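K.L.:
For reference, this is work02.txt, and it has compact mmCIF, C-alpha atoms.
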# COMPACT_ATOMS: atom_id res chain seq x y z
CA MET A 1 -2.36 -3.75 -15.85
CA GLU A 2 -3.44 -1.46 -18.70
CA PRO A 3 -5.89 1.19 -17.49
CA LEU A 4 -9.28 1.63 -19.10
CA ALA A 5 -10.11 4.73 -21.13
CA PRO A 6 -12.50 7.09 -19.29
CA HIS A 7 -15.48 6.18 -21.50
CA GLU A 8 -14.79 2.45 -21.04
CA LYS A 9 -14.94 2.84 -17.26
CA ILE A 10 -18.47 4.21 -17.23
CA TRP A 11 -20.15 2.86 -20.39
CA VAL A 12 -23.26 0.82 -19.52
CA ASP A 13 -24.36 -1.78 -22.06
CA SER A 14 -28.09 -1.69 -22.81
CA ALA A 15 -27.99 -5.50 -22.79
CA ILE A 16 -28.27 -5.29 -19.02
CA ALA A 17 -32.03 -4.82 -19.52
CA GLU A 18 -32.14 -8.39 -20.84
CA ASP A 19 -30.40 -9.84 -17.77
CA GLU A 20 -33.01 -12.16 -16.31
CA ASN A 21 -31.75 -11.63 -12.77
CA HIS A 22 -30.76 -7.95 -12.66
CA GLY A 23 -32.47 -6.45 -15.71
CA GLU A 24 -35.57 -5.26 -13.85
CA LEU A 25 -33.54 -3.20 -11.38
CA CYS A 26 -33.45 0.54 -11.96
CA CYS A 27 -30.17 2.38 -11.40
CA HIS A 28 -31.46 4.34 -8.42
CA GLU A 29 -32.58 1.17 -6.59
CA CYS A 30 -28.94 0.41 -5.86
CA HIS A 31 -27.05 3.64 -6.48
CA GLY A 32 -29.55 6.20 -5.18
CA GLY A 33 -30.14 9.56 -6.83
CA ASN A 34 -33.41 10.95 -8.18
CA PRO A 35 -34.57 9.51 -11.54
CA ASN A 36 -37.44 12.03 -11.74
CA ASP A 37 -35.18 15.06 -11.67
CA PRO A 38 -34.56 16.46 -15.21
CA ASN A 39 -31.39 18.22 -14.06
CA TRP A 40 -28.59 15.66 -14.31
CA LYS A 41 -26.46 17.47 -11.73
CA THR A 42 -29.06 17.46 -8.97
CA ALA A 43 -30.40 14.06 -10.09
CA HIS A 44 -26.99 12.60 -9.24
CA GLU A 45 -26.76 14.08 -5.77
CA ASP A 46 -26.19 11.39 -3.12
CA VAL A 47 -25.39 8.77 -5.80
CA VAL A 48 -23.29 5.96 -4.31
CA LYS A 49 -20.54 4.67 -6.59
CA ASP A 50 -20.26 1.24 -4.94
CA PRO A 51 -23.50 0.43 -3.12
CA SER A 52 -22.10 -2.94 -2.05
CA TYR A 53 -19.43 -1.42 0.23
CA PRO A 54 -19.17 -1.31 3.19
CA ASP A 55 -22.60 -2.92 3.67
CA ALA A 56 -24.23 -5.01 0.93
CA SER A 57 -27.30 -6.04 2.91
CA GLU A 58 -29.66 -3.45 1.37
CA THR A 59 -28.52 -4.05 -2.21
CA CYS A 60 -27.01 -7.42 -3.08
CA GLY A 61 -28.39 -8.84 0.15
CA ALA A 62 -31.98 -8.29 -0.99
CA CYS A 63 -31.58 -11.48 -3.04
CA HIS A 64 -28.27 -12.96 -1.90
CA ASP A 65 -29.10 -12.82 1.78
CA LEU A 66 -26.71 -15.52 3.05
CA ILE A 67 -23.78 -14.08 1.13
CA ALA A 68 -24.53 -10.60 2.44
CA GLU A 69 -24.86 -11.96 5.98
CA ASN A 70 -21.31 -13.33 5.85
CA TYR A 71 -19.99 -10.50 3.69
CA LYS A 72 -18.35 -8.31 6.31
CA THR A 73 -16.10 -11.10 7.60
CA SER A 74 -14.83 -12.04 4.15
CA LEU A 75 -11.12 -11.25 4.30
CA HIS A 76 -11.33 -9.60 0.88
CA VAL A 77 -13.79 -7.09 2.30
CA SER A 78 -12.58 -6.62 5.87
CA VAL A 79 -8.82 -6.91 5.26
CA ALA A 80 -8.98 -7.75 8.97
CA PRO A 81 -5.64 -9.61 9.32
CA ILE A 82 -3.74 -6.43 8.42
CA LYS A 83 -5.42 -4.53 11.25
CA LYS A 84 -4.86 -7.38 13.72
CA MET A 85 -1.16 -7.61 12.91
CA THR A 86 -0.67 -3.85 12.88
CA ASP A 87 -2.38 -3.55 16.26
CA MET A 88 -0.07 -6.20 17.71
CA ARG A 89 3.03 -4.40 16.46
CA ALA A 90 1.85 -0.87 17.24
CA SER A 91 2.77 1.18 20.29
CA SER A 92 0.51 0.78 23.30
CA ALA A 93 0.47 4.58 23.81
CA LYS A 94 -3.06 5.60 22.80
CA GLY A 95 -2.08 8.70 20.83
CA VAL A 96 0.64 6.92 18.88
CA HIS A 97 -1.51 3.84 18.29
CA ALA A 98 -4.34 6.03 16.96
CA LYS A 99 -2.03 7.66 14.39
CA VAL A 100 -0.75 4.27 13.23
CA ASP A 101 -4.32 3.00 12.92
CA ALA A 102 -5.40 6.04 10.91
CA ALA A 103 -2.44 5.61 8.54
CA ARG A 104 -3.23 1.90 8.17
CA GLU A 105 -6.86 2.73 7.39
CA PHE A 106 -5.80 5.32 4.81
CA HIS A 107 -3.22 3.17 3.02
CA CYS A 108 -3.86 -0.53 3.67
CA ASN A 109 -7.66 -0.60 3.63
CA ALA A 110 -7.68 0.91 0.15
CA CYS A 111 -7.08 -2.61 -1.14
CA HIS A 112 -10.41 -4.01 0.05
CA SER A 113 -12.84 -5.61 -2.38
CA SER A 114 -16.65 -5.85 -2.47
CA CYS A 115 -19.46 -7.57 -4.35
CA GLY A 116 -19.39 -4.86 -7.00
CA GLN A 117 -15.62 -4.75 -7.24
CA CYS A 118 -15.50 -8.41 -8.19
CA HIS A 119 -18.67 -9.03 -10.17
CA ILE A 120 -19.31 -5.68 -11.92
CA SER A 121 -16.15 -3.59 -11.99
CA ARG A 122 -12.44 -3.78 -11.57
CA PRO A 123 -11.34 -3.22 -7.97
CA GLU A 124 -10.77 0.41 -7.06
CA ALA A 125 -7.23 -0.48 -6.03
CA ALA A 126 -6.61 -1.50 -9.65
CA GLY A 127 -8.04 1.67 -11.15
CA GLY A 128 -11.72 0.73 -11.21
CA GLY A 129 -13.97 0.77 -14.26
CA LEU A 130 -16.83 -1.45 -15.39
CA LEU A 131 -15.85 -4.94 -16.58
CA GLU A 132 -18.47 -5.47 -19.29
CA GLY A 133 -20.71 -2.43 -19.46
CA HIS A 134 -22.16 -3.15 -15.99
CA LEU A 135 -23.18 -6.68 -16.99
CA PHE A 136 -22.92 -8.88 -13.92
CA GLN A 137 -20.15 -11.52 -14.05
CA LYS A 138 -20.96 -14.68 -12.13
CA ARG A 139 -17.27 -15.64 -12.07
CA PRO A 140 -14.96 -12.63 -11.89
CA PRO A 141 -12.49 -12.60 -14.81
CA MET A 142 -9.08 -13.62 -13.52
CA HIS A 143 -6.97 -10.98 -15.33
CA ALA A 144 -9.27 -8.02 -14.66
CA VAL A 145 -10.07 -8.83 -11.03
CA CYS A 146 -7.97 -11.47 -9.25
CA THR A 147 -4.52 -10.67 -10.59
CA ALA A 148 -5.38 -6.98 -10.97
CA CYS A 149 -4.91 -6.81 -7.19
CA HIS A 150 -2.71 -9.83 -6.59
CA GLY A 151 -0.27 -8.90 -9.31
CA SER A 152 3.22 -8.27 -7.99
CA ARG A 153 3.48 -11.69 -6.36
CA ILE A 154 0.77 -14.14 -7.39
CA GLU A 155 0.33 -13.09 -11.02
CA LYS A 156 4.04 -13.06 -11.75
CA GLU A 157 4.54 -16.37 -9.97
CA TYR A 158 1.52 -18.12 -11.49
CA PHE A 159 2.07 -16.94 -15.05
CA GLY A 160 5.86 -17.36 -14.98
CA LYS A 161 6.63 -13.65 -15.31
CA ASN A 162 9.61 -13.74 -12.93
CA LYS A 163 12.71 -14.04 -15.09
CA GLY A 164 13.99 -17.59 -15.41
CA ILE A 165 11.16 -19.17 -13.41
CA PRO A 166 8.49 -21.19 -15.26
CA PRO A 167 4.75 -20.78 -14.66
CA ASP A 168 2.87 -22.80 -12.08
CA ILE A 169 2.11 -26.34 -13.29
CA HIS A 170 -1.57 -25.67 -12.57
CA ARG A 171 -1.48 -22.69 -14.93
CA GLN A 172 -0.14 -24.97 -17.64
CA LYS A 173 -3.20 -27.11 -17.03
CA TYR A 174 -5.33 -23.97 -17.60
CA PHE A 175 -6.54 -23.68 -14.01
CA LYS A 176 -8.23 -20.39 -13.21
CA CYS A 177 -8.18 -18.95 -9.70
CA THR A 178 -11.72 -20.23 -9.08
CA LYS A 179 -10.58 -23.82 -9.57
CA CYS A 180 -9.05 -23.72 -6.08
CA HIS A 181 -10.50 -20.55 -4.55
CA THR A 182 -14.23 -21.20 -4.48
CA ALA A 183 -17.08 -18.72 -4.09
CA ASP A 184 -17.71 -20.06 -0.58
CA GLU A 185 -14.19 -19.10 0.44
CA MET A 186 -14.33 -15.68 -1.21
CA HIS A 187 -17.72 -14.77 0.26
CA GLY A 188 -16.74 -15.72 3.81
CA ASP A 189 -18.53 -17.97 6.26
CA GLY A 190 -19.36 -15.44 8.95
CA LYS A 191 -16.31 -16.22 11.08
CA ASP A 192 -13.61 -13.72 11.95
CA TYR A 193 -10.24 -15.24 11.06
CA ALA A 194 -6.82 -14.03 12.17
CA ASN A 195 -5.28 -14.90 8.80
CA ARG A 196 -6.14 -16.58 5.51
CA TYR A 197 -4.59 -19.88 6.60
CA GLU A 198 -7.24 -20.28 9.27
CA VAL A 199 -10.12 -20.09 6.78
CA GLU A 200 -11.89 -23.42 7.12
CA ASN A 201 -13.00 -23.73 3.50
CA GLY A 202 -9.75 -22.48 2.01
CA PRO A 203 -7.96 -24.63 -0.60
CA LYS A 204 -5.73 -27.53 0.37
CA CYS A 205 -3.42 -29.61 -1.80
CA LEU A 206 -5.18 -32.72 -0.51
CA ASP A 207 -8.47 -31.54 -2.03
CA CYS A 208 -7.16 -32.88 -5.33
CA HIS A 209 -4.16 -35.00 -4.35
CA LYS A 210 -6.18 -37.10 -1.94
CA ASP A 211 -3.97 -40.19 -1.75
CA ILE A 212 -0.60 -38.49 -1.91
CA TYR A 213 0.43 -39.70 1.55
CA GLN A 214 -0.70 -43.30 1.06
CA PRO A 215 2.22 -45.74 0.72
CA LYS A 216 1.03 -47.20 -2.58
CA ALA A 217 3.09 -48.55 -5.44
CA ASN A 218 2.45 -45.51 -7.64
CA ASN A 219 3.04 -42.98 -4.88
CA PRO A 220 6.57 -41.62 -4.41
CA LYS A 221 8.01 -42.63 -1.05
CA ASN A 222 9.18 -39.07 -0.49
CA HIS A 223 5.60 -37.95 0.03
CA TRP A 224 4.58 -40.13 2.89
CA ILE A 225 7.94 -40.19 4.70
CA HIS A 226 7.83 -36.38 4.87
CA LYS A 227 4.21 -36.15 6.02
CA ASP A 228 3.77 -33.58 8.82
CA GLN A 229 7.46 -32.68 8.52
CA VAL A 230 7.54 -30.37 5.51
CA SER A 231 4.82 -28.49 3.65
CA CYS A 232 4.16 -29.34 0.02
CA GLN A 233 5.68 -26.01 -1.03
CA VAL A 234 9.05 -26.82 0.55
CA CYS A 235 9.58 -29.42 -2.15
CA HIS A 236 7.41 -28.05 -4.96
CA SER A 237 7.69 -24.23 -4.92
CA MET A 238 10.17 -22.29 -7.01
CA PRO A 239 11.94 -19.08 -5.89
CA TYR A 240 9.52 -16.20 -5.27
CA LYS A 241 9.44 -12.47 -4.55
CA ASN A 242 10.26 -11.10 -1.09
CA CYS A 243 9.72 -7.44 -0.24
CA TYR A 244 11.87 -5.35 2.08
CA SER A 245 11.19 -2.22 4.12
CA CYS A 246 7.96 -0.61 2.91
CA HIS A 247 7.18 2.98 3.90
CA PHE A 248 3.93 4.92 3.52
CA GLY A 249 3.46 8.63 3.09
CA LYS A 250 1.91 11.54 1.18
CA ASP A 251 3.52 13.72 -1.47
CA LYS A 252 3.32 17.52 -1.61
CA GLN A 253 -0.06 17.34 -3.34
CA GLY A 254 -1.46 15.09 -0.64
CA PHE A 255 -1.48 11.94 -2.75
CA LYS A 256 -0.57 8.77 -0.88
CA PHE A 257 2.40 6.67 -1.89
CA TYR A 258 4.47 3.74 -0.74
CA LYS A 259 7.91 2.51 -1.60
CA ASN A 260 9.89 -0.66 -0.96
CA LYS A 261 13.60 -0.79 -0.39
CA ALA A 262 14.03 -3.99 -2.44
CA SER A 263 12.04 -6.90 -3.92
CA PRO A 264 14.47 -9.76 -4.63
CA ILE A 265 13.60 -13.26 -5.78
CA GLU A 266 14.59 -15.71 -3.04
CA PHE A 267 13.75 -19.10 -1.54
CA LYS A 268 13.82 -19.76 2.18
CA VAL A 269 12.62 -22.64 4.34
CA GLY A 270 11.92 -21.89 7.98
CA LEU A 271 10.07 -23.09 11.06
CA ASN A 272 6.29 -23.00 10.87
CA PRO A 273 4.97 -19.87 12.64
CA LEU A 274 1.36 -21.12 12.44
CA GLN A 275 1.87 -24.73 13.46
CA SER A 276 -1.46 -26.34 14.34
CA GLU A 277 -3.48 -29.50 13.85
CA LYS A 278 -4.48 -28.16 10.45
CA ARG A 279 -0.89 -27.22 9.53
CA PRO A 280 1.33 -29.58 11.54
CA GLU A 281 4.43 -29.28 9.35
CA LYS A 282 7.66 -28.36 11.07
CA PHE A 283 9.28 -26.80 7.99
CA VAL A 284 7.46 -24.42 5.65
CA ILE A 285 8.23 -21.79 3.05
CA LEU A 286 8.68 -18.31 4.49
CA ARG A 287 8.18 -15.04 2.64
CA ARG A 288 9.72 -11.75 3.75
CA VAL A 289 6.89 -9.21 4.05
CA PRO A 290 7.74 -5.51 3.81
CA VAL A 291 6.68 -4.24 7.23
CA ASP A 292 9.53 -2.47 8.99
CA HIS A 293 10.14 -0.76 12.33
CA THR A 294 9.83 2.58 10.54
CA THR A 295 6.97 1.79 8.11
CA PHE A 296 4.68 4.46 9.65
CA ASP A 297 7.36 7.05 10.49
CA PHE A 298 5.85 9.58 8.07
CA TYR A 299 2.84 9.78 10.39
CA VAL A 300 4.34 9.07 13.80
CA LYS A 301 7.79 8.15 15.05
CA ASN A 302 8.26 4.78 16.75
CA GLY A 303 4.72 3.80 15.83
CA LEU A 304 5.57 0.10 15.71
CA SER A 305 7.41 -0.08 19.02
CA ASN A 306 6.12 -3.65 19.52
CA PHE A 307 7.51 -4.74 16.16
CA ASP A 308 9.20 -7.81 17.64
CA THR A 309 5.84 -9.31 18.65
CA LEU A 310 5.48 -10.92 15.20
CA PRO A 311 7.96 -12.18 12.61
CA ASN A 312 8.25 -10.39 9.29
CA TRP A 313 9.19 -13.69 7.66
CA LYS A 314 5.76 -15.30 7.36
CA LEU A 315 4.25 -18.60 6.25
CA ALA A 316 3.89 -18.56 2.47
CA THR A 317 2.30 -20.69 -0.23
CA PRO A 318 3.81 -19.36 -3.48
CA HIS A 319 1.78 -19.85 -6.65
CA ASN A 320 4.66 -21.30 -8.67
CA ILE A 321 4.33 -25.03 -8.05
CA ARG A 322 6.34 -27.43 -10.20
CA ARG A 323 6.51 -31.20 -10.09
CA GLN A 324 10.30 -31.12 -10.18
CA THR A 325 12.27 -28.31 -8.56
CA PRO A 326 15.95 -27.69 -7.78
CA GLN A 327 15.42 -28.77 -4.15
CA ASN A 328 13.65 -32.07 -4.87
CA LYS A 329 15.82 -33.55 -7.62
CA THR A 330 17.63 -35.74 -5.10
CA CYS A 331 17.60 -36.13 -1.32
CA ASN A 332 20.78 -34.09 -1.01
CA SER A 333 19.35 -31.30 -3.12
CA CYS A 334 17.70 -30.33 0.18
CA HIS A 335 19.40 -32.31 2.95
CA GLY A 336 22.56 -30.54 3.99
CA LYS A 337 21.78 -27.47 1.84
CA THR A 338 22.00 -24.80 4.53
CA GLU A 339 21.52 -22.04 1.94
CA LEU A 340 17.90 -23.13 1.47
CA PHE A 341 17.07 -22.49 5.13
CA LEU A 342 16.46 -19.19 6.91
CA LEU A 343 19.31 -19.11 9.41
CA GLU A 344 19.91 -16.38 11.97
CA LYS A 345 22.83 -15.08 9.92
CA ASP A 346 20.45 -14.50 6.99
CA VAL A 347 18.45 -12.00 9.07
CA LYS A 348 19.78 -8.54 9.84
CA PRO A 349 20.41 -7.98 13.58
CA ALA A 350 17.54 -5.49 13.84
CA TYR A 351 15.04 -8.19 12.83
CA ARG A 352 16.45 -11.24 14.61
CA LYS A 353 14.36 -10.94 17.75
CA ALA A 354 11.13 -10.66 15.72
CA ASN A 355 12.06 -13.76 13.73
CA ARG A 356 13.55 -15.84 16.52
CA ASN A 357 10.77 -18.45 16.28
CA VAL A 358 10.99 -18.99 12.53
CA THR A 359 14.74 -19.03 11.89
CA VAL A 360 16.26 -22.50 11.74
CA PRO A 361 19.06 -23.42 14.16
CA PRO A 362 21.91 -25.05 12.19
CA ALA A 363 21.45 -28.23 14.23
CA LEU A 364 17.91 -28.62 12.80
CA VAL A 365 18.95 -28.43 9.15
CA PRO A 366 18.44 -31.97 7.78
CA LYS A 367 21.77 -33.72 7.48
CA LYS A 368 23.20 -34.75 4.16
CA ARG A 369 22.33 -38.34 3.36
CA SER A 370 24.91 -40.94 2.42
CA ASN A 371 24.18 -43.06 -0.64
As structure tokens - that is how I would like this structure written.

P.N.:
Amino acid sequence: MEPLAPHEKIWVDSAIAEDENHGELCCHECHGGNPNDPNWKTAHEDVVKDPSYPDASETCGACHDLIAENYKTSLHVSVAPIKKMTDMRASSAKGVHAKVDAAREFHCNACHSSCGQCHISRPEAAGGGLLEGHLFQKRPPMHAVCTACHGSRIEKEYFGKNKGIPPDIHRQKYFKCTKCHTADEMHGDGKDYANRYEVENGPKCLDCHKDIYQPKANNPKNHWIHKDQVSCQVCHSMPYKNCYSCHFGKDKQGFKFYKNKASPIEFKVGLNPLQSEKRPEKFVILRRVPVDHTTFDFYVKNGLSNFDTLPNWKLATPHNIRRQTPQNKTCNSCHGKTELFLLEKDVKPAYRKANRNVTVPPALVPKKRSN
């Protein structure tokens, strides 16, 4: 994403005074500082750049009280699943665990969002800078906010930027992120979820495709005969990015960095690691996430000694849906196609124990169908 020029990042449009909701607020009411001090240097002492993080209750919450009440449990703010998963993989030795947690806080939590970093400015993780001269945006602009953070996977999938793979069919229908991901989902509901798939008001295919599993004349048979067996993405996703072996660290100047070993485009069907009443499907799409045994080695050796507690092939819902895909052209485009499934042989020996519950035994691969 193209960075903003320095003056663009901080320029405040005088039109904000005409904003019927926010125009009567003075700068210091949210950001602090002393408006009566003629010395600009001392007037700006104690100014808070983002007064909506980590607690929005005294600023945004003065009017948007319910949103602010649920704010801290919004996964975009808390980034809580990353901590939960890191804690499960981390060493139980207190000293080692503490170093892993500090490194996670330093690197991973930098990608949090906030009220301000959606509705007023670009997210800090994407370089920051005011969106429209500090004018409040009721719906965050997709390019400057949503895909500014979710760029390497979702943006490239959704907009068809991965070579040879077309854009998501919903993009071709001009859907913006907010068509599926509502404000209620983004703001949180006050509940602490283990992962985004648990979020009760998260999007579901059935929100729009309500009758897809009904055996009606205009409904393809393939939909209802596969109900609860395969997720929608198994048939309708295209190949997507998988990331391998990420490592964090600091350079000689103390700046943080990360690097991945590889980011290939692949497609793998596996066993559902989050099978539940809400997600009963046996087969789902899996994405290789970049956590590795040695991800935190820069800070502490053997920090993730309980790595095998969780798989690093995880449930995925790629944003590259197509009505027709290579695997749904015919029954035997999937049935009998062992290369589509994550088999044990596809996983390096060092990761097989961690992924034992998501790899597909050859006997479970659907058999080729006779005509």

K.L.:
Give me, please, the distance in Å between CA of Val269 in chain A and CA of Ile285 in chain A, quoted to one decimal.

P.N.:
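That distance, rounded to one decimal, is 4.7 Å.
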
K.L.:
Mind pulling up the distance from CA of Val79 in chain A to CA of Asn109 in chain A?

P.N.:
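Taking CA of Asn109 in chain A as the start and CA of Val79 in chain A as the end point, the length is 6.6 Å.
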
K.L.:
So how many Å separate CA of Ala17 in chain A and CA of Glu124 in chain A, to one decimal?

P.N.:
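These atoms are spaced 25.2 Å apart.
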
K.L.:
So, counting all atoms listed in the file, which residue among A:Val145, A:Val291, A:Ala316, A:Cys180 is closest to Asn272 in chain A?

P.N.:
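Closest to Asn272 in chain A of all the choices is A:Ala316.
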
K.L.:
For Cys331 in chain A, which of A:Ser231, A:Ser152, A:Ser370, A:Ser263 is the closest residue, counting all atoms listed in the file?

P.N.:
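Closest to Cys331 in chain A, using all atoms listed in the file: A:Ser370.
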
K.L.:
I need the residue nearest Glu69 in chain A from this list: A:Asp192, A:Asp55, A:Glu277, A:Asp19. Use only C-alpha atoms for the distance.

P.N.:
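Among the listed residues, the smallest separation from Glu69 in chain A belongs to A:Asp55.
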
K.L.:
Within 12 Å of Ile165 in chain A, counting all atoms listed in the file, which residues qualify if same-chain residues fewer than 2 places away don't, as an mmCIF file with C-alpha atoms, keeping the file's coordinate frame?

P.N.:
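What landed in result-v3.cif:
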data_model
loop_
_atom_site.group_PDB
_atom_site.id
_atom_site.type_symbol
_atom_site.label_atom_id
_atom_site.label_comp_id
_atom_site.auth_asym_id
_atom_site.auth_seq_id
_atom_site.Cartn_x
_atom_site.Cartn_y
_atom_site.Cartn_z
ATOM 1 C CA LYS A 156 4.040 -13.060 -11.750
ATOM 2 C CA GLU A 157 4.540 -16.370 -9.970
ATOM 3 C CA TYR A 158 1.520 -18.120 -11.490
ATOM 4 C CA PHE A 159 2.070 -16.940 -15.050
ATOM 5 C CA GLY A 160 5.860 -17.360 -14.980
ATOM 6 C CA LYS A 161 6.630 -13.650 -15.310
ATOM 7 C CA ASN A 162 9.610 -13.740 -12.930
ATOM 8 C CA LYS A 163 12.710 -14.040 -15.090
ATOM 9 C CA PRO A 167 4.750 -20.780 -14.660
ATOM 10 C CA ASP A 168 2.870 -22.800 -12.080
ATOM 11 C CA ILE A 169 2.110 -26.340 -13.290
ATOM 12 C CA SER A 237 7.690 -24.230 -4.920
ATOM 13 C CA MET A 238 10.170 -22.290 -7.010
ATOM 14 C CA PRO A 239 11.940 -19.080 -5.890
ATOM 15 C CA TYR A 240 9.520 -16.200 -5.270
ATOM 16 C CA LYS A 241 9.440 -12.470 -4.550
ATOM 17 C CA ILE A 265 13.600 -13.260 -5.780
ATOM 18 C CA GLU A 266 14.590 -15.710 -3.040
ATOM 19 C CA HIS A 319 1.780 -19.850 -6.650
ATOM 20 C CA ASN A 320 4.660 -21.300 -8.670
ATOM 21 C CA ILE A 321 4.330 -25.030 -8.050
ATOM 22 C CA ARG A 322 6.340 -27.430 -10.200
ATOM 23 C CA THR A 325 12.270 -28.310 -8.560
ATOM 24 C CA PRO A 326 15.950 -27.690 -7.780
#

K.L.:
Select all residues near (-28.6, -16.3, 2.5) (cut-off 12 Å, inclusive, file coordinates), counting all atoms listed in the file, and output them as a ChimeraX atom specification.

P.N.:
/A:57,60-71,184,187-190

K.L.:
Would you mind telling me which residue in A:His247, A:Met1, A:Ser74, A:Pro38 lies nearest to Gly151 in chain A when using all atoms listed in the file?

P.N.:
A:Met1

K.L.:
Which residue is closest to Glu344 in chain A? Choose from A:Ala110, A:Val300, A:Leu271, A:Cys30 and count only C-alpha atoms.

P.N.:
A:Leu271
